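Trainee: What follows is final00.txt, compact mmCIF, C-alpha atoms.
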# COMPACT_ATOMS: atom_id res chain seq x y z
CA TRP A 1036 68.95 144.53 116.17
CA CYS A 1037 67.99 141.07 117.51
CA PHE A 1038 66.84 139.06 120.50
CA TYR A 1039 67.19 135.40 121.52
CA ASP A 1040 65.54 133.16 124.15
CA ASP A 1041 68.12 130.56 125.25
CA SER A 1042 67.54 127.05 126.65
CA ASN A 1043 67.46 128.49 130.19
CA HIS A 1044 64.68 130.83 129.08
CA ARG A 1045 66.85 133.88 129.44
CA LEU A 1046 66.08 136.60 126.94
CA TRP A 1047 69.11 138.16 125.20
CA LEU A 1048 69.00 141.46 123.34
CA GLY A 1049 71.49 142.50 120.66
CA THR A 1050 71.81 146.22 120.00
CA GLN A 1051 74.12 148.72 118.35
CA SER A 1052 75.52 149.40 121.82
CA GLY A 1053 76.39 145.86 122.86
CA LEU A 1054 74.71 142.82 124.40
CA PHE A 1055 71.93 143.02 127.01
CA PHE A 1056 69.78 140.49 128.84
CA LEU A 1057 66.54 140.59 130.80
CA ASP A 1058 67.04 139.95 134.52
CA GLN A 1059 63.94 137.98 135.46
CA GLU A 1060 64.37 138.62 139.21
CA SER A 1061 64.39 142.40 138.92
CA ASN A 1062 62.59 142.44 135.58
CA GLN A 1063 65.22 144.87 134.33
CA VAL A 1064 67.41 144.91 131.22
CA ARG A 1065 71.13 144.69 132.10
CA ARG A 1066 74.29 145.03 130.02
CA PHE A 1067 76.52 142.00 129.48
CA PRO A 1068 79.29 141.20 130.21
CA ASP A 1069 81.15 142.31 133.29
CA ALA A 1070 84.34 140.36 132.48
CA PRO A 1071 87.26 142.80 131.98
CA SER A 1072 88.92 140.54 129.36
CA PHE A 1073 86.05 141.18 126.95
CA LYS A 1074 85.63 144.93 127.34
CA SER A 1075 85.40 145.25 123.54
CA MET A 1076 81.95 143.75 123.86
CA VAL A 1077 80.66 147.02 125.30
CA ASN A 1078 80.90 148.93 122.03
CA VAL A 1079 79.99 146.24 119.50
CA SER A 1080 76.93 146.06 117.31
CA VAL A 1081 75.23 142.69 117.82
CA TYR A 1082 73.50 141.40 114.66
CA SER A 1083 72.64 137.81 115.58
CA ILE A 1084 72.55 135.56 118.68
CA GLN A 1085 72.34 131.76 118.26
CA GLU A 1086 72.80 128.63 120.35
CA ASP A 1087 74.62 125.52 119.04
CA ARG A 1088 73.88 121.86 119.83
CA SER A 1089 76.20 121.84 122.85
CA GLY A 1090 74.43 124.80 124.45
CA GLN A 1091 77.09 127.39 123.61
CA ILE A 1092 75.84 130.87 122.67
CA TRP A 1093 77.39 132.50 119.59
CA ILE A 1094 77.19 136.28 119.15
CA CYS A 1095 77.77 137.79 115.69
CA THR A 1096 79.10 141.36 115.87
CA ASN A 1097 80.95 143.95 113.85
CA PHE A 1098 84.12 143.03 115.83
CA GLY A 1099 83.98 139.31 115.17
CA LEU A 1100 82.41 136.23 116.73
CA TYR A 1101 81.99 135.86 120.51
CA GLN A 1102 81.46 132.55 122.30
CA MET A 1103 79.51 132.45 125.56
CA ASP A 1104 78.91 129.66 128.07
CA LEU A 1105 75.64 129.99 129.99
CA GLU A 1106 77.41 129.07 133.23
CA LYS A 1107 80.80 130.71 132.73
CA GLY A 1108 79.89 133.72 130.63
CA LEU A 1109 82.04 134.83 127.66
CA VAL A 1110 84.79 132.29 126.93
CA GLY A 1111 86.11 133.24 123.48
CA HIS A 1112 86.46 135.88 120.80
CA TYR A 1113 87.24 134.99 117.16
CA SER A 1114 88.39 137.50 114.55
CA ALA A 1115 91.12 138.11 111.99
CA ALA A 1116 93.04 140.26 114.50
CA ASN A 1117 93.41 137.46 117.06
CA GLN A 1118 96.00 134.68 117.21
CA PRO A 1119 95.18 130.98 116.77
CA PRO A 1120 93.12 129.25 117.95
CA TRP A 1121 90.95 132.39 118.18
CA GLN A 1122 91.65 133.51 114.63
CA LEU A 1123 89.10 133.51 111.80
CA PRO A 1124 89.38 135.23 108.37
CA LEU A 1125 86.80 137.89 109.22
CA ARG A 1126 86.28 141.09 111.18
CA GLY A 1127 82.56 141.59 111.21
CA LEU A 1128 79.80 139.04 110.65
CA TYR A 1129 76.03 139.17 110.55
CA HIS A 1130 74.79 135.60 110.88
CA LEU A 1131 75.90 131.97 111.29
CA TYR A 1132 74.44 128.54 110.68
CA GLU A 1133 75.55 125.17 112.12
CA ASP A 1134 74.82 122.30 109.74
CA PRO A 1135 74.08 118.67 110.75
CA ASP A 1136 77.80 117.82 110.44
CA GLY A 1137 78.77 120.46 112.99
CA ILE A 1138 80.23 122.80 110.36
CA PHE A 1139 79.67 126.53 110.91
CA TRP A 1140 78.78 128.70 107.91
CA LEU A 1141 79.43 132.37 108.66
CA ALA A 1142 77.86 135.31 106.79
CA THR A 1143 80.46 138.10 106.95
CA ASN A 1144 80.83 141.76 106.10
CA GLY A 1145 83.42 141.81 103.30
CA SER A 1146 84.89 138.29 103.71
CA GLY A 1147 82.14 136.46 101.84
CA MET A 1148 80.89 133.27 103.42
CA VAL A 1149 83.28 131.34 105.69
CA ARG A 1150 83.12 127.57 106.19
CA TRP A 1151 84.49 126.87 109.66
CA ASP A 1152 85.31 123.36 110.91
CA ARG A 1153 85.83 123.88 114.65
CA GLN A 1154 87.06 120.34 115.26
CA GLN A 1155 89.79 120.56 112.62
CA GLN A 1156 90.43 124.29 113.21
CA GLN A 1157 90.04 124.94 109.48
CA ALA A 1158 88.34 127.94 107.89
CA VAL A 1159 87.74 128.52 104.15
CA SER A 1160 86.40 131.75 102.66
CA PHE A 1161 84.10 131.84 99.62
CA LYS A 1162 84.17 135.25 97.93
CA LYS A 1163 83.73 136.78 94.50
CA ASP A 1164 86.90 135.08 93.28
CA SER A 1165 85.31 131.77 94.34
CA GLY A 1166 82.14 132.37 92.33
CA LEU A 1167 79.94 134.38 94.71
CA PRO A 1168 78.45 137.59 93.28
CA ASP A 1169 79.43 139.71 96.30
CA ASN A 1170 81.63 139.61 99.42
CA VAL A 1171 78.92 140.99 101.75
CA ILE A 1172 76.68 138.16 102.99
CA TYR A 1173 73.87 138.87 105.47
CA ALA A 1174 72.31 135.48 106.30
CA VAL A 1175 72.79 131.73 105.80
CA TYR A 1176 70.03 129.08 105.88
CA GLU A 1177 69.98 125.45 104.70
CA ASP A 1178 67.10 123.73 102.93
CA ALA A 1179 66.02 120.09 103.08
CA TYR A 1180 68.03 119.29 99.93
CA GLY A 1181 71.45 120.26 101.29
CA ALA A 1182 71.69 123.67 99.62
CA LEU A 1183 72.52 126.90 101.46
CA TRP A 1184 70.55 130.08 100.78
CA LEU A 1185 72.33 133.40 101.29
CA SER A 1186 71.11 136.99 101.21
CA SER A 1187 73.72 139.48 100.03
CA ASP A 1188 74.37 142.92 98.62
CA TYR A 1189 73.78 141.45 95.15
CA GLY A 1190 70.79 139.14 95.13
CA ILE A 1191 69.91 135.81 96.71
CA ILE A 1192 72.51 133.07 96.37
CA GLN A 1193 71.93 129.33 96.19
CA PHE A 1194 75.11 127.49 97.29
CA ASP A 1195 75.83 123.76 96.92
CA LYS A 1196 77.78 122.49 99.95
CA ALA A 1197 79.04 119.43 98.09
CA THR A 1198 80.36 121.07 94.92
CA TYR A 1199 80.77 124.69 96.13
CA ASN A 1200 78.86 125.81 93.04
CA SER A 1201 76.37 128.66 93.29
CA ASN A 1202 73.44 130.28 91.46
CA THR A 1203 72.41 133.91 91.89
CA TYR A 1204 68.83 135.20 91.71
CA LEU A 1205 68.28 138.88 90.87
CA PRO A 1206 65.25 141.15 90.34
CA LYS A 1207 64.91 139.82 86.78
CA ASP A 1208 64.30 136.40 88.36
CA GLY A 1209 61.58 137.75 90.64
CA VAL A 1210 63.37 138.81 93.86
CA SER A 1211 62.42 142.16 95.40
CA HIS A 1212 65.79 143.97 95.13
CA TYR A 1213 69.52 143.55 94.57
CA GLU A 1214 70.46 144.66 98.11
CA PHE A 1215 69.11 142.89 101.16
CA ASN A 1216 69.00 143.84 104.85
CA LYS A 1217 71.62 142.75 107.40
CA VAL A 1218 69.15 141.63 110.09
CA SER A 1219 65.92 141.06 108.16
CA HIS A 1220 65.79 137.30 107.52
CA TYR A 1221 63.95 134.24 108.85
CA GLN A 1222 63.21 130.55 108.12
CA ASP A 1223 59.97 129.07 109.45
CA SER A 1224 59.21 125.49 110.48
CA ASP A 1225 58.07 124.32 107.03
CA GLY A 1226 61.30 125.51 105.40
CA THR A 1227 60.03 128.74 103.86
CA ILE A 1228 62.75 131.42 103.82
CA TYR A 1229 62.14 135.17 104.17
CA PHE A 1230 64.74 137.73 103.10
CA GLY A 1231 64.06 141.46 103.64
CA SER A 1232 65.49 143.90 101.09
CA LEU A 1233 65.40 147.61 100.34
CA ASN A 1234 62.17 147.00 98.44
CA GLY A 1235 60.16 144.65 100.61
CA VAL A 1236 60.44 140.98 101.53
CA THR A 1237 61.20 138.03 99.24
CA SER A 1238 59.77 134.71 100.48
CA PHE A 1239 60.15 131.32 98.80
CA HIS A 1240 60.26 127.60 99.50
CA PRO A 1241 63.47 125.86 98.31
CA ARG A 1242 61.56 122.88 96.93
CA ASP A 1243 60.32 125.15 94.14
CA PHE A 1244 63.94 125.57 93.03
CA GLN A 1245 65.04 121.96 93.47
CA GLN A 1246 64.30 120.78 89.94
CA GLN A 1247 65.67 123.99 88.44
CA ARG A 1248 68.75 123.81 90.63
CA THR A 1249 69.74 120.31 89.66
CA THR A 1250 68.65 120.07 86.03
CA VAL A 1251 68.52 122.03 82.81
CA ASP A 1252 65.85 121.69 80.12
CA ALA A 1253 68.22 121.90 77.15
CA PRO A 1254 67.87 118.88 74.83
CA LEU A 1255 70.70 116.35 74.56
CA VAL A 1256 70.91 114.93 71.04
CA ILE A 1257 73.03 112.57 68.93
CA THR A 1258 74.86 114.44 66.19
CA GLU A 1259 76.84 111.61 64.55
CA TYR A 1260 77.61 107.91 64.77
CA SER A 1261 80.23 106.27 62.57
CA GLN A 1262 82.09 102.95 62.47
CA LEU A 1263 85.49 102.03 61.06
CA ASN A 1264 85.10 98.86 59.03
CA GLY A 1265 88.16 96.66 59.49
CA ARG A 1266 87.69 94.89 56.14
CA THR A 1267 87.44 97.99 53.98
CA ASN A 1268 89.32 100.29 56.38
CA GLN A 1269 86.70 102.97 55.73
CA LEU A 1270 84.62 105.10 58.11
CA VAL A 1271 80.92 104.34 57.61
CA ASP A 1272 78.26 106.85 58.72
CA ARG A 1273 75.43 105.07 60.56
CA THR A 1274 73.81 108.09 62.23
CA SER A 1275 70.41 107.51 60.66
CA ASP A 1276 70.36 103.87 61.82
CA VAL A 1277 71.00 104.88 65.43
CA LEU A 1278 68.47 107.72 65.36
CA HIS A 1279 65.85 105.39 63.91
CA SER A 1280 66.38 102.37 66.18
CA ASN A 1281 68.03 103.95 69.21
CA LYS A 1282 70.40 100.98 69.10
CA ILE A 1283 74.07 100.49 68.33
CA ARG A 1284 75.33 97.16 67.02
CA ILE A 1285 79.08 96.53 66.84
CA TYR A 1286 80.33 93.58 64.77
CA PRO A 1287 83.76 91.92 65.02
CA LYS A 1288 84.78 93.54 61.73
CA ASP A 1289 84.19 97.02 63.20
CA ARG A 1290 87.53 98.15 64.62
CA PHE A 1291 86.01 101.01 66.62
CA SER A 1292 82.96 103.27 66.69
CA VAL A 1293 82.56 106.99 67.46
CA LEU A 1294 79.39 108.47 68.94
CA ARG A 1295 79.04 112.26 68.98
CA PHE A 1296 76.42 114.19 70.94
CA ALA A 1297 75.63 117.75 72.06
CA LEU A 1298 73.73 119.57 74.79
CA LEU A 1299 71.85 122.27 72.89
CA THR A 1300 72.29 125.28 75.15
CA TYR A 1301 73.02 128.89 74.24
CA GLU A 1302 76.38 128.68 75.94
CA GLU A 1303 79.90 128.25 74.70
CA MET A 1304 80.40 124.57 73.99
CA ASN A 1305 83.70 124.67 75.89
CA ASN A 1306 81.73 125.30 79.09
CA VAL A 1307 79.54 122.22 78.68
CA ARG A 1308 80.58 118.89 80.18
CA TYR A 1309 79.23 115.38 79.75
CA ALA A 1310 79.04 112.15 81.68
CA TYR A 1311 78.39 108.59 80.54
CA ARG A 1312 77.83 105.22 82.13
CA LEU A 1313 77.47 101.67 80.83
CA GLU A 1314 75.05 99.92 83.14
CA GLY A 1315 76.47 96.71 84.54
CA ILE A 1316 80.05 97.82 83.79
CA ASP A 1317 80.48 101.33 85.24
CA GLU A 1318 79.40 101.82 88.84
CA GLU A 1319 79.96 105.57 88.67
CA TRP A 1320 79.37 108.22 86.02
CA ASN A 1321 82.46 109.05 83.94
CA GLU A 1322 82.63 112.82 83.47
CA GLN A 1323 84.49 114.42 80.57
CA ALA A 1324 84.70 117.62 78.55
CA ALA A 1325 84.66 115.89 75.14
CA ASN A 1326 81.32 115.54 73.35
CA PHE A 1327 82.10 112.13 71.85
CA LEU A 1328 82.74 108.55 72.91
CA ARG A 1329 84.99 105.95 71.31
CA LEU A 1330 83.30 102.58 71.63
CA SER A 1331 85.96 99.88 71.52
CA ASN A 1332 87.06 96.87 73.55
CA LEU A 1333 83.61 96.52 75.06
CA PRO A 1334 82.56 93.18 76.55
CA TYR A 1335 80.45 90.98 74.31
CA GLY A 1336 76.72 91.10 74.89
CA ARG A 1337 73.99 93.71 75.35
CA HIS A 1338 74.57 96.89 77.37
CA THR A 1339 72.66 100.09 78.17
CA LEU A 1340 74.60 103.30 77.54
CA LYS A 1341 73.46 106.45 79.34
CA ILE A 1342 74.76 109.95 78.59
CA LYS A 1343 73.92 113.27 80.23
CA GLY A 1344 75.16 116.84 79.83
CA LYS A 1345 76.01 119.57 82.32
CA SER A 1346 75.69 123.28 81.68
CA SER A 1347 78.17 125.94 82.72
CA GLU A 1348 75.97 126.50 85.79
CA ASN A 1349 76.76 122.91 86.83
CA ARG A 1350 73.21 121.80 86.21
CA TRP A 1351 72.72 118.39 84.63
CA SER A 1352 70.38 117.92 81.72
CA ARG A 1353 66.95 116.68 82.68
CA GLN A 1354 66.99 114.47 79.61
CA GLU A 1355 69.41 111.56 79.33
CA LEU A 1356 70.41 109.74 76.17
CA VAL A 1357 69.69 106.03 76.60
CA LEU A 1358 71.05 103.70 73.90
CA GLN A 1359 71.07 99.93 73.65
CA VAL A 1360 74.53 98.72 72.65
CA GLU A 1361 75.06 95.18 71.37
CA VAL A 1362 78.59 93.89 70.86
CA VAL A 1363 78.21 90.88 68.56
CA ARG A 1364 80.40 87.89 69.34
CA PRO A 1365 82.64 86.37 66.64
CA VAL A 1366 81.35 83.12 65.14
CA TYR A 1367 83.84 81.05 67.12
CA LEU A 1368 82.50 82.49 70.39
CA ARG A 1369 78.81 82.00 69.68
CA LEU A 1370 76.91 79.36 71.61
CA TRP A 1371 75.87 77.25 68.64
CA PHE A 1372 79.46 77.14 67.34
CA ILE A 1373 80.80 76.18 70.76
CA LEU A 1374 78.15 73.45 71.08
CA LEU A 1375 78.94 72.19 67.57
CA ALA A 1376 82.67 72.15 68.31
CA LEU A 1377 82.00 70.37 71.59
CA LEU A 1378 79.83 67.77 69.86
CA SER A 1379 82.49 67.31 67.16
CA PHE A 1380 85.15 66.86 69.79
CA LEU A 1381 83.02 64.37 71.69
CA GLY A 1382 82.18 62.54 68.45
CA GLY A 1383 85.83 62.39 67.42
CA THR A 1384 86.83 61.22 70.86
CA LEU A 1385 84.14 58.53 70.77
CA TYR A 1386 85.25 57.42 67.28
CA ILE A 1387 88.90 57.16 68.33
CA TYR A 1388 87.85 55.31 71.47
CA ARG A 1389 85.74 52.82 69.52
CA PHE A 1390 88.46 52.42 66.88
CA ASN A 1391 91.04 51.66 69.56
CA MET A 1392 88.61 49.31 71.29
CA THR A 1393 87.99 47.48 67.99
CA ARG A 1394 91.74 47.14 67.39
CA ARG A 1395 92.25 45.97 70.95
CA LEU A 1396 89.45 43.39 70.63
CA ALA A 1397 90.81 42.22 67.25
CA LYS A 1398 94.27 41.82 68.76
CA GLN A 1399 92.84 39.96 71.71
CA GLU A 1400 90.91 37.68 69.33
CA ALA A 1401 94.04 37.08 67.23
CA ASP A 1402 96.03 36.30 70.36
CA ARG A 1403 93.33 33.90 71.51
CA LEU A 1404 93.24 32.18 68.09
CA ARG A 1405 97.02 31.94 68.13
CA GLU A 1406 96.90 30.36 71.54
CA LEU A 1407 94.21 27.93 70.38
CA ASN A 1408 96.22 27.09 67.27
CA ASP A 1409 99.35 26.56 69.36
CA LEU A 1410 97.34 24.32 71.62
CA LYS A 1411 95.99 22.45 68.58
CA THR A 1412 99.49 22.10 67.14
CA LYS A 1413 100.79 20.78 70.42
CA LEU A 1414 97.84 18.42 70.59
CA TYR A 1415 98.49 17.21 67.03
CA THR A 1416 102.16 16.76 67.80
CA ASN A 1417 101.48 14.85 70.99
CA ILE A 1418 98.89 12.62 69.36
CA SER A 1419 101.17 12.06 66.38
CA HIS A 1420 103.98 11.05 68.68
CA GLU A 1421 101.62 8.81 70.60
CA PHE A 1422 100.57 7.15 67.34
CA ARG A 1423 104.04 7.01 65.78
CA THR A 1424 105.76 5.25 68.67
CA PRO A 1425 103.49 2.15 68.82
CA LEU A 1426 103.29 2.06 65.01
CA THR A 1427 107.05 2.00 64.83
CA VAL A 1428 107.11 -0.86 67.36
CA ILE A 1429 104.41 -2.75 65.47
CA LEU A 1430 106.19 -2.29 62.14
CA GLY A 1431 109.50 -3.30 63.65
CA MET A 1432 108.05 -6.46 65.14
CA THR A 1433 106.20 -7.26 61.89
CA HIS A 1434 109.38 -6.78 59.90
CA SER A 1435 111.28 -9.01 62.35
CA LEU A 1436 108.65 -11.75 62.06
CA GLN A 1437 108.89 -11.58 58.29
CA GLU A 1438 112.67 -11.93 58.32
CA HIS A 1439 112.58 -14.95 60.63
CA SER A 1440 109.64 -16.63 58.93
CA HIS A 1441 111.93 -19.20 57.19
CA SER A 1442 112.81 -20.74 60.48
CA TRP A 1443 109.23 -21.39 61.37
CA THR A 1444 108.24 -25.12 61.42
CA LEU A 1445 104.75 -24.57 60.24
CA GLU A 1446 103.09 -26.31 57.41
CA ALA A 1447 103.03 -24.63 54.06
CA ALA A 1448 99.40 -23.48 54.10
CA PRO A 1449 99.30 -21.84 57.54
CA ARG A 1450 102.68 -20.43 57.00
CA GLN A 1451 101.60 -18.77 53.78
CA TYR A 1452 98.46 -17.40 55.47
CA LEU A 1453 100.47 -15.92 58.28
CA LEU A 1454 102.93 -14.25 55.95
CA GLU A 1455 100.13 -12.68 53.93
CA ASN A 1456 98.54 -11.26 57.04
CA LEU A 1457 101.85 -9.93 58.29
CA GLU A 1458 102.30 -8.28 54.90
CA ARG A 1459 98.91 -6.62 55.22
CA VAL A 1460 99.70 -5.45 58.76
CA TYR A 1461 103.01 -4.03 57.61
CA GLN A 1462 101.51 -2.22 54.61
CA ASN A 1463 98.70 -0.69 56.66
CA GLY A 1464 101.17 0.30 59.37
CA GLU A 1465 103.37 1.94 56.73
CA GLN A 1466 100.37 3.81 55.39
CA LEU A 1467 99.29 4.89 58.86
CA LEU A 1468 102.85 5.99 59.71
CA SER A 1469 102.95 8.05 56.51
CA LEU A 1470 99.73 9.80 57.55
CA VAL A 1471 101.11 10.48 61.05
CA ASN A 1472 104.30 11.95 59.51
CA GLN A 1473 102.21 14.17 57.25
CA LEU A 1474 100.19 15.31 60.28
CA MET A 1475 103.40 16.24 62.12
CA ASP A 1476 104.71 18.08 59.04
CA LEU A 1477 101.41 20.01 58.90
CA SER A 1478 101.65 21.02 62.58
CA ARG A 1479 105.23 22.21 62.06
CA LEU A 1480 104.14 24.19 59.01
CA ASP A 1481 101.28 25.87 60.98
CA ALA A 1482 103.71 26.83 63.74
CA ARG A 1483 106.08 28.49 61.23
CA LEU A 1484 103.24 30.37 59.51
CA LEU A 1485 101.95 31.70 62.82
CA GLN A 1486 105.44 32.91 63.68
CA LEU A 1487 105.70 34.64 60.31
Take the structure in the file and write it out as C-alpha cells.
Mentor:
Amino acid sequence: WCFYDDSNHRLWLGTQSGLFFLDQESNQVRRFPDAPSFKSMVNVSVYSIQEDRSGQIWICTNFGLYQMDLEKGLVGHYSAANQPPWQLPLRGLYHLYEDPDGIFWLATNGSGMVRWDRQQQQAVSFKKDSGLPDNVIYAVYEDAYGALWLSSDYGIIQFDKATYNSNTYLPKDGVSHYEFNKVSHYQDSDGTIYFGSLNGVTSFHPRDFQQQRTTVDAPLVITEYSQLNGRTNQLVDRTSDVLHSNKIRIYPKDRFSVLRFALLTYEEMNNVRYAYRLEGIDEEWNEQAANFLRLSNLPYGRHTLKIKGKSSENRWSRQELVLQVEVVRPVYLRLWFILLALLSFLGGTLYIYRFNMTRRLAKQEADRLRELNDLKTKLYTNISHEFRTPLTVILGMTHSLQEHSHSWTLEAAPRQYLLENLERVYQNGEQLLSLVNQLMDLSRLDARLLQL
C-alpha cells in the first residue's frame, strides 16, 4: 500500500499484511514489530506511514492509529475500542496530516474527518451531519491559504479550518469521478495536489480556487433608502438620491433612516447573511441576517459605510457597497455658530467689564472731588476763622475808642479827624466781617449739599 523513508533513512513498507522494514545490514525485508503487546499489528492493513515534528512515526491502519518511536519501537495504539488516553473516535483510518499548530487531522473510514488536539486530549469528528458530503475520507492536505483538501467517496472537499465550513467538488465541476482511491494521493513541493479516483487522477493547485472559495460574484445592490422626517412625521423615499450620488446625508430633523440592500443570488434569502462596518467607528465587521440597517444616533461628521453579503456557502460577495454618510450637525453645534457665540460672549464680557470700569472710575472721580471740596470747605472755614478773629478784635477796639472819645483832650480839629477815620475803619471792618460770615455760611451750605 505505501512506503516511507524516515529521518534515520530506514525504509518502511505498509502492506495488507502488516508493517515491514528494510534491514540495511542484511538487505532483507523484515516484519515489524516483535513486541507481544502489539500483536494486532501483524494482521493490519497499513495505508499510510508519516513522521511528525518530534520524530514520532504514525501508522494509519484499518485497526486504528499506531505510534512508534524510532528508538523504542511501538509505544501506543489509538482507536475507539481503547480506553483513554488511547481512545479516538475511529476504528480505521487512511491518512493523517499535522498542521503548523500541532493539530492532527485524521482521514477515517466511516468516522469522517477527526480533528485531534494531542496536547488537550480532545478529538472532534466532522461527518455528514456536520456538513461533509460523506463519512469516508481518504486523504487530508493543507494549502498555503489555510484550507484543507480531502478526497472522499463523494468528491473532493475543501474545508475551512477556521469556520469548519466546506465546499464539495463533483464531476460536474471538473473532477474525474465521485469516488476516490484510499491510497492514491500526493502533494508536491509547489502545492499541487493529486487525487486518484476510479476514473483517473485529478490534479489542481489550490490558488486557483482561492478567489472562488472566499468570494461570490453575485451583485450587492441597494433596494431602498427612506428617512423619517421629524417635522412632518412622514417617511420620505430617497432611494434615487442615494443611487445617484452614492451618498447619504442625515439632517437633525431626520429622526432615523432605513437602508435596505440585497445580495442577488439564486438562493433563498433566508440563507443569505450580511455584514457592515462604519470606518473609524467599528473595528470589526458586524454580521447580521437582516438585509437592512437603521441609521440613527450616529456621531456627527462624515463616515464611510461598507456592506458585504455572504451566500449560503459562506462565501462573501466580491463586491462591497461603499457609501459616504454625512450626519449634519445642528446649527448650535456648527463651527461658525460656536465662534459667533464665543465672540458675542467675549464682546458682552468686555462691555460689562468696561461699563463697570467706567462706573468705578466715575465713583473714584466723585470721591476725589468730594475730598477736594471737603478740603476746600475746611480751607474756607479756617481762613474765615483766621479773618474773623482779628476783625472782631479790630472792631471791638474801634468801638471802644469811639465810646471813650469824649474823654480825649485833643483839640477839636484833630479829634474830629480821628473820629471820622475810626468810623471808616469800623464800617469797613463791619463790611469785611459780613463777607467772612457769608463765606462761612457758603462753606456750611456746600458741606450739607455734599452730604445730601
Trainee: Can you work out which one of A:Leu1414, A:Leu1333, A:Leu1255, A:Leu1377 has the shortest atom-to-atom distance to Arg1364 of chain A, counting only C-alpha atoms?
Mentor: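 Residue with the minimum atom-to-atom distance to Arg1364 of chain A: A:Leu1333.
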Trainee: Work out how far apart atom CA of Glu1060 of chain A and atom CA of Gln1102 of chain A are and give it in Å to one decimal.
Mentor: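 Atom CA of Gln1102 of chain A lies at a distance of 24.8 Å from atom CA of Glu1060 of chain A.
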Trainee: Quick one: of A:Glu1214, A:Asp1195, A:Asp1152, A:Asp1040, who's nearest to Tyr1173 of chain A, counting only C-alpha atoms?
Mentor: A:Glu1214
Trainee: Quick check, in Å to one decimal: how far apart do atom CA of Gly1090 of chain A and atom CA of Asp1041 of chain A lie?
Mentor: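 Computed distance, atom CA of Gly1090 of chain A to atom CA of Asp1041 of chain A, equals 8.6 Å.
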Trainee: For N, CA and C atoms, please extract segment 1264-1279 of chain A from the block and return it as a PDB file, in the first residue's frame.
Mentor:
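Writing done, so here's decode34.pdb:
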ATOM      1  N   ASN A1264     -39.012  62.002   8.570  1.00  0.00           N
ATOM      2  CA  ASN A1264     -38.867  63.421   8.853  1.00  0.00           C
ATOM      3  C   ASN A1264     -39.546  63.742  10.176  1.00  0.00           C
ATOM      4  N   GLY A1265     -38.786  64.298  11.118  1.00  0.00           N
ATOM      5  CA  GLY A1265     -39.322  64.592  12.436  1.00  0.00           C
ATOM      6  C   GLY A1265     -40.312  65.735  12.444  1.00  0.00           C
ATOM      7  N   ARG A1266     -40.255  66.631  11.458  1.00  0.00           N
ATOM      8  CA  ARG A1266     -41.182  67.761  11.417  1.00  0.00           C
ATOM      9  C   ARG A1266     -42.549  67.338  10.903  1.00  0.00           C
ATOM     10  N   THR A1267     -42.529  66.557   9.817  1.00  0.00           N
ATOM     11  CA  THR A1267     -43.797  66.122   9.231  1.00  0.00           C
ATOM     12  C   THR A1267     -44.236  64.753   9.723  1.00  0.00           C
ATOM     13  N   ASN A1268     -43.312  64.042  10.384  1.00  0.00           N
ATOM     14  CA  ASN A1268     -43.581  62.681  10.876  1.00  0.00           C
ATOM     15  C   ASN A1268     -43.993  61.750   9.736  1.00  0.00           C
ATOM     16  N   GLN A1269     -43.360  61.929   8.578  1.00  0.00           N
ATOM     17  CA  GLN A1269     -43.652  61.105   7.414  1.00  0.00           C
ATOM     18  C   GLN A1269     -42.369  60.445   6.914  1.00  0.00           C
ATOM     19  N   LEU A1270     -42.534  59.252   6.335  1.00  0.00           N
ATOM     20  CA  LEU A1270     -41.407  58.510   5.773  1.00  0.00           C
ATOM     21  C   LEU A1270     -41.195  58.972   4.334  1.00  0.00           C
ATOM     22  N   VAL A1271     -40.001  59.479   4.057  1.00  0.00           N
ATOM     23  CA  VAL A1271     -39.688  60.038   2.738  1.00  0.00           C
ATOM     24  C   VAL A1271     -38.737  59.091   2.008  1.00  0.00           C
ATOM     25  N   ASP A1272     -39.102  58.709   0.780  1.00  0.00           N
ATOM     26  CA  ASP A1272     -38.277  57.807  -0.029  1.00  0.00           C
ATOM     27  C   ASP A1272     -37.187  58.614  -0.740  1.00  0.00           C
ATOM     28  N   ARG A1273     -35.936  58.294  -0.434  1.00  0.00           N
ATOM     29  CA  ARG A1273     -34.803  58.986  -1.053  1.00  0.00           C
ATOM     30  C   ARG A1273     -33.873  57.991  -1.764  1.00  0.00           C
ATOM     31  N   THR A1274     -34.442  56.902  -2.258  1.00  0.00           N
ATOM     32  CA  THR A1274     -33.634  55.871  -2.913  1.00  0.00           C
ATOM     33  C   THR A1274     -32.906  56.417  -4.128  1.00  0.00           C
ATOM     34  N   SER A1275     -33.607  57.180  -4.945  1.00  0.00           N
ATOM     35  CA  SER A1275     -32.988  57.690  -6.176  1.00  0.00           C
ATOM     36  C   SER A1275     -31.816  58.613  -5.863  1.00  0.00           C
ATOM     37  N   ASP A1276     -31.937  59.414  -4.796  1.00  0.00           N
ATOM     38  CA  ASP A1276     -30.844  60.318  -4.423  1.00  0.00           C
ATOM     39  C   ASP A1276     -29.586  59.536  -4.065  1.00  0.00           C
ATOM     40  N   VAL A1277     -29.766  58.454  -3.299  1.00  0.00           N
ATOM     41  CA  VAL A1277     -28.614  57.653  -2.874  1.00  0.00           C
ATOM     42  C   VAL A1277     -27.999  56.923  -4.061  1.00  0.00           C
ATOM     43  N   LEU A1278     -28.840  56.362  -4.927  1.00  0.00           N
ATOM     44  CA  LEU A1278     -28.318  55.653  -6.097  1.00  0.00           C
ATOM     45  C   LEU A1278     -27.572  56.596  -7.034  1.00  0.00           C
ATOM     46  N   HIS A1279     -28.022  57.840  -7.101  1.00  0.00           N
ATOM     47  CA  HIS A1279     -27.393  58.803  -7.999  1.00  0.00           C
ATOM     48  C   HIS A1279     -26.070  59.322  -7.440  1.00  0.00           C
TER      49      HIS A1279
END
